[in-house]
Structures are given as C-alpha cells and as structure tokens.
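Q: Contents are mmCIF, C-alpha atoms; file name my_file_14.cif:
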data_model
loop_
_atom_site.label_atom_id
_atom_site.label_comp_id
_atom_site.auth_asym_id
_atom_site.auth_seq_id
_atom_site.Cartn_x
_atom_site.Cartn_y
_atom_site.Cartn_z
CA MET A 1 43.98 37.30 43.18
CA LEU A 2 44.11 34.40 40.71
CA ARG A 3 40.84 33.06 42.08
CA ILE A 4 39.16 36.45 41.63
CA ARG A 5 40.44 36.73 38.04
CA SER A 6 39.22 33.17 37.36
CA LYS A 7 35.75 33.98 38.68
CA ILE A 8 35.64 37.16 36.59
CA ALA A 9 36.61 35.17 33.49
CA VAL A 10 33.87 32.60 34.17
CA VAL A 11 31.26 35.35 34.65
CA MET A 12 32.34 37.09 31.44
CA ALA A 13 32.22 33.79 29.52
CA LEU A 14 28.73 33.09 30.83
CA ALA A 15 27.61 36.61 29.95
CA LEU A 16 29.08 36.29 26.47
CA SER A 17 27.43 32.88 26.04
CA LEU A 18 24.05 34.22 27.17
CA GLY A 19 24.42 37.19 24.87
CA LEU A 20 25.13 34.99 21.89
CA THR A 21 22.21 32.73 22.79
CA GLU A 22 19.81 35.67 23.03
CA ALA A 23 21.10 37.01 19.72
CA GLY A 24 20.61 33.60 18.11
CA LEU A 25 17.07 33.40 19.46
CA ALA A 26 16.29 36.88 18.19
CA GLN A 27 17.70 36.02 14.77
CA SER A 28 15.69 32.77 14.70
CA GLN A 29 12.51 34.58 15.68
CA ASN A 30 13.05 37.20 12.96
CA LYS A 31 13.78 34.58 10.29
CA ALA A 32 10.96 34.42 7.71
CA PRO A 33 9.16 31.10 7.21
CA PRO A 34 10.14 29.19 4.06
CA ARG A 35 8.16 30.01 0.93
CA VAL A 36 6.63 27.52 -1.50
CA GLY A 37 5.73 28.71 -5.01
CA ILE A 38 2.73 27.07 -6.72
CA VAL A 39 2.25 27.66 -10.44
CA THR A 40 -0.51 26.43 -12.76
CA ILE A 41 -1.71 27.37 -16.22
CA THR A 42 -5.27 27.94 -15.04
CA PHE A 43 -7.33 27.56 -11.89
CA SER A 44 -10.33 25.27 -11.71
CA ALA A 45 -12.18 23.47 -8.93
CA GLU A 46 -9.94 20.47 -9.57
CA ILE A 47 -6.70 22.47 -9.30
CA GLN A 48 -7.98 24.19 -6.16
CA ALA A 49 -8.64 20.76 -4.66
CA VAL A 50 -5.02 19.81 -5.36
CA VAL A 51 -3.78 22.99 -3.65
CA ASP A 52 -6.09 22.40 -0.68
CA GLY A 53 -4.81 18.86 -0.27
CA LEU A 54 -1.21 20.07 -0.42
CA ARG A 55 -1.78 22.76 2.21
CA ASP A 56 -3.66 20.42 4.54
CA ARG A 57 -0.99 17.74 4.39
CA LEU A 58 1.76 20.31 5.03
CA ALA A 59 -0.19 21.53 8.05
CA GLU A 60 -0.25 17.93 9.32
CA ARG A 61 3.53 17.89 8.86
CA ASN A 62 3.87 21.01 11.08
CA PHE A 63 4.10 23.54 8.25
CA SER A 64 1.27 25.91 9.14
CA PRO A 65 0.36 28.61 6.56
CA GLY A 66 1.40 32.07 7.72
CA GLN A 67 3.31 30.69 10.70
CA THR A 68 5.91 28.16 9.63
CA ILE A 69 5.38 28.35 5.86
CA ASN A 70 4.13 30.83 3.25
CA PHE A 71 2.64 30.15 -0.19
CA LEU A 72 2.91 32.10 -3.43
CA VAL A 73 0.16 30.87 -5.79
CA ARG A 74 0.30 32.08 -9.38
CA GLU A 75 -1.72 31.44 -12.55
CA THR A 76 0.01 31.89 -15.90
CA SER A 77 -2.87 31.38 -18.38
CA ALA A 78 -1.42 30.03 -21.64
CA GLY A 79 1.40 32.54 -22.07
CA SER A 80 4.95 31.20 -21.91
CA ALA A 81 6.25 34.72 -21.18
CA ARG A 82 3.98 35.00 -18.17
CA ALA A 83 5.12 31.57 -16.98
CA ALA A 84 8.75 32.65 -17.23
CA ASP A 85 7.95 35.83 -15.24
CA VAL A 86 6.33 33.75 -12.50
CA ILE A 87 9.35 31.45 -12.18
CA ARG A 88 11.68 34.46 -12.01
CA GLU A 89 9.46 35.97 -9.31
CA PHE A 90 9.75 32.76 -7.32
CA ALA A 91 13.55 32.96 -7.60
CA GLU A 92 13.55 36.59 -6.42
CA GLN A 93 11.28 35.67 -3.51
CA GLU A 94 13.72 32.87 -2.61
CA VAL A 95 11.09 30.15 -2.57
CA ARG A 96 12.41 26.85 -1.26
CA VAL A 97 10.28 24.64 -3.53
CA ILE A 98 8.36 25.20 -6.79
CA VAL A 99 5.20 23.13 -7.27
CA ALA A 100 4.26 23.08 -10.98
CA ILE A 101 0.78 21.70 -11.76
CA THR A 102 0.24 20.49 -15.36
CA ASN A 103 2.94 19.82 -17.92
CA PRO A 104 3.19 23.38 -19.39
CA SER A 105 3.84 24.81 -15.92
CA LEU A 106 6.43 22.14 -15.22
CA GLN A 107 8.19 22.79 -18.53
CA ALA A 108 8.24 26.54 -17.78
CA ALA A 109 9.91 25.84 -14.44
CA LEU A 110 12.47 23.54 -16.08
CA ASP A 111 13.26 26.12 -18.78
CA GLN A 112 14.55 28.54 -16.14
CA LYS A 113 18.08 27.69 -15.06
CA SER A 114 17.45 27.64 -11.35
CA ARG A 115 18.57 25.36 -8.55
CA ILE A 116 15.23 25.57 -6.75
CA PRO A 117 13.78 22.06 -6.28
CA ILE A 118 10.76 21.42 -8.52
CA VAL A 119 7.78 19.19 -7.75
CA GLY A 120 5.52 18.40 -10.72
CA ALA A 121 1.97 17.08 -11.06
CA GLY A 122 -0.62 16.61 -13.78
CA ILE A 123 1.66 14.66 -16.12
CA SER A 124 1.73 11.09 -17.40
CA MET A 125 4.30 8.53 -16.30
CA GLU A 126 5.77 8.61 -19.81
CA GLN A 127 6.27 12.39 -19.53
CA ALA A 128 7.82 11.91 -16.08
CA ARG A 129 10.35 9.40 -17.45
CA GLN A 130 11.27 11.78 -20.26
CA ILE A 131 11.77 14.67 -17.83
CA SER A 132 13.92 12.52 -15.55
CA ASN A 133 16.08 11.44 -18.50
CA GLU A 134 16.48 14.94 -19.96
CA HIS A 135 17.09 16.73 -16.65
CA ARG A 136 19.27 14.30 -14.74
CA ARG A 137 21.15 17.08 -12.98
CA ARG A 138 18.05 18.98 -11.88
CA ALA A 139 16.36 18.56 -8.53
CA VAL A 140 12.98 17.55 -9.94
CA THR A 141 10.42 15.01 -8.76
CA GLY A 142 6.65 14.77 -8.47
CA ILE A 143 3.48 12.76 -8.94
CA ALA A 144 2.70 11.11 -12.30
CA GLU A 145 -0.52 9.56 -13.55
CA SER A 146 -0.55 5.84 -14.31
CA ASP A 147 -2.89 2.88 -14.04
CA THR A 148 -4.46 2.02 -10.68
CA ARG A 149 -4.35 -1.77 -10.94
CA ASP A 150 -2.45 -2.21 -7.68
CA ASP A 151 -5.07 -0.07 -5.93
CA GLN A 152 -7.95 -2.11 -7.39
CA LEU A 153 -6.31 -5.41 -6.44
CA ALA A 154 -5.63 -4.12 -2.93
CA LEU A 155 -9.32 -3.16 -2.71
CA ILE A 156 -10.34 -6.69 -3.71
CA ARG A 157 -8.12 -8.02 -0.94
CA ILE A 158 -9.98 -5.80 1.56
CA LEU A 159 -13.55 -6.29 0.33
CA ALA A 160 -13.22 -9.93 -0.77
CA PRO A 161 -10.53 -11.48 1.47
CA ASP A 162 -11.64 -14.97 0.44
CA ALA A 163 -11.03 -14.32 -3.27
CA LYS A 164 -8.41 -16.42 -5.06
CA ASN A 165 -9.23 -15.62 -8.68
CA VAL A 166 -9.96 -12.43 -10.62
CA ALA A 167 -11.86 -12.75 -13.89
CA VAL A 168 -11.17 -9.81 -16.21
CA PRO A 169 -13.65 -9.08 -19.03
CA VAL A 170 -11.96 -8.80 -22.45
CA ASP A 171 -13.33 -8.60 -25.98
CA PRO A 172 -11.53 -11.08 -28.27
CA GLU A 173 -12.56 -8.98 -31.27
CA ARG A 174 -10.35 -6.14 -30.06
CA GLY A 175 -7.17 -8.21 -30.12
CA GLY A 176 -3.78 -7.17 -28.75
CA LEU A 177 -4.70 -7.80 -25.12
CA THR A 178 -2.15 -10.48 -24.28
CA THR A 179 0.54 -8.06 -23.07
CA GLN A 180 -1.85 -6.07 -20.91
CA LEU A 181 -3.25 -9.21 -19.32
CA GLN A 182 0.29 -10.35 -18.58
CA GLU A 183 0.95 -7.05 -16.80
CA LEU A 184 -2.21 -7.48 -14.73
CA LEU A 185 -1.26 -11.09 -13.96
CA ALA A 186 2.16 -9.96 -12.74
CA ALA A 187 0.56 -7.32 -10.50
CA ALA A 188 -1.94 -9.85 -9.10
CA ARG A 189 0.79 -12.24 -7.97
CA SER A 190 1.87 -9.85 -5.22
CA PHE A 191 -1.69 -10.04 -3.87
CA GLU A 192 -1.78 -13.86 -4.15
CA LEU A 193 -4.47 -13.71 -6.85
CA ASP A 194 -4.77 -15.49 -10.19
CA VAL A 195 -6.12 -13.71 -13.27
CA ALA A 196 -8.24 -15.23 -16.04
CA ALA A 197 -9.85 -13.66 -19.12
CA LEU A 198 -13.66 -13.54 -19.38
CA PRO A 199 -14.79 -13.11 -23.01
CA VAL A 200 -17.45 -10.46 -23.66
CA SER A 201 -18.75 -8.85 -26.83
CA ILE A 202 -19.09 -5.09 -27.02
CA ARG A 203 -20.77 -5.32 -30.41
CA ARG A 204 -23.43 -7.79 -29.24
CA ASN A 205 -23.59 -6.40 -25.68
CA ALA A 206 -23.20 -9.93 -24.36
CA VAL A 207 -21.20 -11.87 -21.80
CA GLY A 208 -19.61 -15.24 -22.59
CA GLU A 209 -21.06 -18.45 -21.19
CA GLU A 210 -17.75 -18.95 -19.32
CA LEU A 211 -19.29 -16.71 -16.65
CA GLY A 212 -21.50 -19.60 -15.51
CA ALA A 213 -18.45 -21.69 -14.65
CA LEU A 214 -17.03 -19.14 -12.19
CA ASP A 215 -17.32 -19.94 -8.48
CA PRO A 216 -18.65 -16.90 -6.56
CA GLN A 217 -17.04 -18.23 -3.38
CA ASP A 218 -13.49 -17.61 -4.55
CA THR A 219 -13.79 -15.54 -7.76
CA VAL A 220 -14.57 -11.88 -8.39
CA LEU A 221 -14.83 -9.81 -11.57
CA LEU A 222 -12.66 -6.78 -12.25
CA LEU A 223 -13.70 -4.46 -15.07
CA ASP A 224 -10.55 -2.64 -16.20
CA ARG A 225 -11.67 0.13 -18.54
CA LYS A 226 -8.16 0.48 -19.98
CA LEU A 227 -8.51 -3.06 -21.26
CA LEU A 228 -12.15 -2.61 -22.24
CA PRO A 229 -12.97 1.09 -22.76
CA ASP A 230 -16.45 0.50 -24.21
CA ALA A 231 -17.47 -2.17 -21.75
CA PRO A 232 -21.13 -3.28 -21.58
CA VAL A 233 -21.29 -2.35 -17.89
CA GLU A 234 -25.03 -2.88 -17.35
CA ALA A 235 -24.87 -6.28 -19.04
CA LEU A 236 -21.90 -7.30 -16.90
CA ALA A 237 -23.56 -6.07 -13.71
CA ALA A 238 -26.77 -7.98 -14.47
CA ALA A 239 -24.91 -11.17 -15.39
CA ALA A 240 -22.70 -10.92 -12.30
CA ALA A 241 -25.73 -10.43 -10.03
CA GLN A 242 -27.42 -13.46 -11.62
CA GLN A 243 -24.37 -15.59 -10.82
CA LYS A 244 -23.86 -13.93 -7.40
CA LEU A 245 -20.41 -12.72 -8.48
CA ARG A 246 -18.95 -9.50 -7.10
CA LEU A 247 -18.10 -7.00 -9.86
CA PHE A 248 -15.36 -4.46 -9.14
CA ALA A 249 -14.29 -1.65 -11.47
CA SER A 250 -11.34 0.63 -12.14
CA GLU A 251 -13.24 3.94 -12.28
CA GLU A 252 -16.31 5.77 -11.05
CA ASP A 253 -18.52 5.66 -14.13
CA SER A 254 -18.79 1.86 -13.92
CA VAL A 255 -19.90 2.09 -10.28
CA VAL A 256 -22.62 4.56 -11.24
CA ARG A 257 -23.76 2.06 -13.88
CA GLY A 258 -23.79 -1.04 -11.69
CA ALA A 259 -20.34 -2.23 -10.53
CA LEU A 260 -19.98 -2.82 -6.80
CA ALA A 261 -16.96 -0.64 -6.00
CA ALA A 262 -13.80 1.06 -7.31
CA MET A 263 -10.82 2.92 -5.93
CA VAL A 264 -10.53 6.28 -7.69
CA ILE A 265 -7.96 9.05 -7.99
CA GLU A 266 -9.10 12.38 -6.57
CA PRO A 267 -7.50 15.84 -6.87
CA TYR A 268 -7.49 16.32 -3.10
CA GLY A 269 -5.60 13.04 -2.67
CA ILE A 270 -3.07 14.14 -5.31
CA GLY A 271 -2.52 17.31 -3.30
CA GLN A 272 -1.86 15.27 -0.16
CA GLN A 273 0.79 13.25 -2.00
CA LEU A 274 2.38 16.49 -3.20
CA GLY A 275 2.28 17.84 0.35
CA ASN A 276 4.31 14.88 1.58
CA LEU A 277 6.91 15.43 -1.13
CA VAL A 278 7.19 19.17 -0.39
CA ALA A 279 7.52 18.52 3.35
CA ASP A 280 10.26 15.95 2.70
CA ILE A 281 12.18 18.47 0.56
CA LEU A 282 11.83 21.22 3.16
CA ASP A 283 13.27 18.81 5.73
CA ASP A 284 15.97 17.51 3.37
CA PRO A 285 16.57 19.13 -0.08
CA SER A 286 18.05 15.88 -1.43
CA ALA A 287 14.50 14.45 -1.40
CA ALA A 288 13.90 16.42 -4.62
CA ARG A 289 15.98 13.84 -6.48
CA VAL A 290 13.78 10.83 -5.74
CA PRO A 291 11.99 9.27 -8.75
CA PHE A 292 8.48 10.42 -9.67
CA GLU A 293 5.77 8.64 -7.69
CA ARG A 294 2.64 7.09 -9.17
CA VAL A 295 -0.62 8.83 -8.34
CA ARG A 296 -2.43 6.67 -5.84
CA ALA A 297 -6.16 6.03 -5.89
CA SER A 298 -7.24 7.28 -2.48
CA HIS A 299 -11.04 7.12 -2.37
CA LEU A 300 -13.42 4.17 -2.36
CA ILE A 301 -16.61 4.48 -4.39
CA LEU A 302 -19.48 2.12 -3.49
CA ASN A 303 -22.87 1.63 -5.08
CA GLU A 304 -26.07 1.22 -3.10
CA ASP A 305 -25.98 -2.59 -3.32
CA ALA A 306 -22.71 -2.58 -1.35
CA LYS A 307 -24.50 -1.33 1.75
CA GLY A 308 -26.40 -4.62 1.98
CA ILE A 309 -23.46 -6.98 1.56
CA LEU A 310 -20.46 -5.13 2.98
CA ASP A 311 -19.57 -3.91 6.46
CA VAL A 312 -19.08 -0.32 5.35
CA ALA A 313 -18.22 0.99 8.84
CA ALA A 314 -15.42 -1.57 9.28
CA ILE A 315 -14.08 -0.85 5.80
CA GLU A 316 -14.08 2.88 6.46
CA GLU A 317 -12.14 2.35 9.69
CA GLN A 318 -9.57 0.20 7.90
CA LEU A 319 -9.09 2.68 5.08
CA ALA A 320 -8.83 5.59 7.49
CA GLY A 321 -5.69 4.01 8.89
CA GLN A 322 -4.24 4.12 5.38
CA ARG A 323 -5.05 7.84 4.93
CA GLN A 324 -7.90 6.96 2.57
CA SER A 325 -11.60 7.69 2.77
CA ILE A 326 -14.90 6.21 1.72
CA ILE A 327 -17.73 7.60 -0.41
CA GLY A 328 -21.18 6.00 -0.35
CA TRP A 329 -22.23 6.92 -3.87
CA ALA A 330 -20.53 8.55 -6.82
CA GLU A 331 -22.62 11.71 -6.53
CA GLY A 332 -22.96 11.71 -2.75
CA ALA A 333 -21.12 13.84 -0.21
CA GLY A 334 -17.52 12.84 0.29
CA PRO A 335 -14.23 14.17 1.60
CA ARG A 336 -13.74 17.80 0.81
CA PRO A 337 -13.51 19.16 -1.70
CA ARG A 338 -15.21 16.36 -3.63
CA ILE A 339 -15.22 16.94 -7.40
CA LYS A 340 -18.55 15.77 -8.80
CA PRO A 341 -18.08 13.68 -11.95
CA PRO A 342 -20.17 14.34 -15.07
CA ILE A 343 -23.31 12.25 -15.41
CA PRO A 344 -22.41 9.32 -17.69
CA ASP A 345 -23.95 9.12 -21.14
CA ALA A 346 -26.89 6.75 -21.46
CA PRO A 347 -25.73 3.35 -22.74
CA PRO A 348 -27.08 1.90 -25.97
CA PRO A 349 -30.23 -0.26 -25.83
CA LEU A 350 -29.49 -3.43 -23.90
CA GLY A 351 -29.95 -6.89 -25.32
CA VAL A 352 -30.18 -10.30 -23.73
CA VAL A 353 -27.10 -11.77 -22.07
CA ARG A 354 -27.09 -15.53 -22.55
CA GLY A 355 -30.73 -15.77 -21.56
CA ILE A 356 -30.37 -13.29 -18.68
CA THR A 357 -32.83 -10.42 -18.85
CA VAL A 358 -30.89 -7.16 -18.61
CA PRO A 359 -32.62 -4.37 -16.66
CA THR A 360 -32.75 -0.76 -17.67
CA PRO A 361 -29.75 1.38 -16.58
CA ARG A 362 -29.43 1.99 -12.85
CA SER A 363 -31.17 5.09 -11.58
CA LYS A 364 -29.32 7.27 -9.12
CA PRO A 365 -30.50 6.61 -5.55
CA PRO A 366 -31.63 9.55 -3.44
CA LEU A 367 -28.92 11.24 -1.41
CA GLN A 368 -28.91 10.25 2.24
#
Rewrite the structure from the file as structure tokens, please.
A:
Amino acid sequence: MLRIRSKIAVVMALALSLGLTEAGLAQSQNKAPPRVGIVTITFSAEIQAVVDGLRDRLAERNFSPGQTINFLVRETSAGSARAADVIREFAEQEVRVIVAITNPSLQAALDQKSRIPIVGAGISMEQARQISNEHRRRAVTGIAESDTRDDQLALIRILAPDAKNVAVPVDPERGGLTTQLQELLAAARSFELDVAALPVSIRRNAVGEELGALDPQDTVLLLDRKLLPDAPVEALAAAAAQQKLRLFASEEDSVVRGALAAMVIEPYGIGQQLGNLVADILDDPSAARVPFERVRASHLILNEDAKGILDVAAIEEQLAGQRQSIIGWAEGAGPRPRIKPPIPDAPPPLGVVRGITVPTPRSKPPLQ
C-alpha cells in the first residue's frame, strides 16, 4: 500500500512539475519584447543614419526588431512640452531604455523624474561631464563627441607601420598651441610615436623650410584641423608630395583637397556604438551607469593617390576585423547610409611654397 501511495505521489509531483513548466513556457511566450524609446528634436538623413546603425547593431546582438525588441521613435520638434509628452509616453509604454539624440532631447529626458535608463548622443564631452556631475544618481550614459587624435594615430600605425615621427603643421602667428601639442604628444606615446611641430604660415600660404629636413622613411605629416583650422591644405599636399612625405589629416575636407587619408566619424558608426550600449543595458541595467564614451572615428577616407601606394585590400580586411570600413573617395559609395559631405569652398589663390610650384586645387576623380 505504501509503495502504491509513493508511486501516486511521484506521478502527481511530476504532473504538477510539468504543469508549472508548461505554464511558465506559455507565460514566456506571451511576454512582450522589451521596448526601446528613441527621441530626437528633428529627423534628418544624419539622424536616420544613427537610428539605422543602432538597429543594425542590436540585431547583431540578437535583438531583432518586431521579434525580440520593439522601437518607439518620436520627433519632438523644438517644443519642450512635446518633449515632455514623449518621455511620459515612454514611461507609460514601459520602455526599458530611452535613447535621446541631441542635447535638447537628452535634457527633456533628464527633466522627467523617471528611473528608466537614458542613453544620450549628439553632445560634446564637456556637456557629458556636466550631465554626469549634475545627475550622479541617474542611470544615464551615452556617446559624446571629442577629438579623434587616437584614431588618427592608430591609422598612421596601420598605413605607415615604419613611422617613428609625426610632424604636425602649426602656425606660430596663432600662438597658444603649446598645451594642445603637449596633449597630442601624450597621445602619441601610447603608439610609440614622437611629435614635432612643423611651422607653416596661413597668411602667406607657405610651408616652413624645416619640411626639407624631414626623413620620409620614418616621418609622416598629420594635419590636425583643431590645431590649424584654416590650414593651407593644397600647399601642404604639394610640399609633402615634393618631399615624398605622407600627409594624413583629421577630417574629410582635407582628403578631398589633397591629404592622403583620414579616419572620420560617421552617423551610422555612432548608431552602432549606441546599439552596443543599449544591448548592454538590456542585458544588465547597471550598464547605464558607465561613464560616457568618446565617439570613435569608424571610417577610413582615402584619396586617389592612396590607391597607387597603399594595399587597399589588405587595409580593408584589417579594418573589417575592427568593425570599421573603408571608403575610396570622400564622395564615393561607402557603407550605408553614407552621408555625403558638402563640397568644400574653393581655397584662396595659391602662392609659391619655398620654391615649390603649387598646383591648382585637386579636381574630384570620376566615380568608379
């Protein structure tokens, strides 16, 4: 009799266990995917590229739209009342993360006393520090814009592995460059590179004779437009070519005008960085308390001359392993959705650079 009762108890326990399991599975299957709220003041091709990058990276992290994640995308125009309504809607919809693109959207999200983690973008590093200081108890993080010197130096290491020295054009007439050069020197140490100043004159559109003393075997030029906003790019490119020196830049306009290459920030790449942050928070909400990240330059811009002196295919393969991509020319086809930059203004008439004849501005090559 005891054995029979024992068997009955075991059967009932198994039945109860199976019933609970089936109920748990049914509840899990009926559970709605997490929601992510995206808010921006206005929509443009650039903002859409950010959203596309975010969605694509989340899909790579196994958060598929409509299946394992849902998005609420809202535009607020310039009205603070509308922004507040959007944030309240997100709270009512129980979104798991709010992505606020541009500073007004981020401030609107912070103004609402909510515990929903916030991920910001489209702000400067100074604004990010201020937000972190003023909202220490909030779960807020994001991507902040800063300089891309580390990215440019890393690019030099890839494209010019034999380089030991980086000559940086500066205009002595501008003054106040010592601190910025020190910051660049500090960054270069981690890449085992030395930095030296190369005097140029914006007013005379000329390059100093010190250029002739640089050894092209172990020295490259890096045009940092934050140090030299009105740089004589065509003059530098011509002088560098005459001395067989490789000229790198910090932005796309200089590549259009003659520099060899630059790593640039792209909206789609920003979206991919945001996607990683959102995925981390969905996996672990405490990830919303990490410090703001710096926007990383994610795309390599090359001019036509690079095709003759660089192994573009090998470089592309190397960058692909770092989740980066390559673009042949500033206005050529690139990773989607490529934002075409404005055509740069024509430079002033060019003079003579220490006896070097300066050509007319580069013409855009035909698209391949």
Q: Fewer than 4 positions away in the same chain doesn't count, so skip those; otherwise give me all residues within 8 Å of Ala84 in chain A, counting only C-alpha atoms, as a ChimeraX atom specification.
A: /A:80,88,108-109,112
Q: Starting from the point (-16.2, 3.7, -13.9), work out which residues of protein, DNA or RNA have an atom no more than 10 Å away when counting all atoms listed in the file; state them as a PyMOL selection string.
A: chain A and resi 223-225+229+231+233+248-259+261-264+301+330+344
Q: Return the single residue from A:Gln48, A:Gln217, A:Ser286, A:Asn165 that is closest to Ala139 in chain A, with distances computed using all atoms listed in the file.
A: A:Ser286
Q: Carefully work through the PyMOL selection byres ((chain A and resi 244) around 10) for this structure and note down the residues it includes, as a list in words.
A: Leu214, Asp215, Pro216, Gln217, Val220, Ala238, Ala239, Ala240, Ala241, Gln242, Gln243, Leu245, Arg246 and Leu247 of chain A
Q: If you measure from CA of Ala206 in chain A to CA of Asp171 in chain A, what distance in Å do you get, rounded to one decimal?
A: 10.1 Å
Q: Got a sec: who's within 10 Å of Ile87 in chain A, counting only C-alpha atoms, leaving out chain neighbours fewer than 4 positions off, as a PyMOL selection string?
A: chain A and resi 37-39+74+82-83+91-93+95+98+100+105+108-114+116
Q: Interatomic distance between CA of Arg96 in chain A and CA of Ile281 in chain A?
A: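 Between these atoms lies a distance of 8.6 Å.
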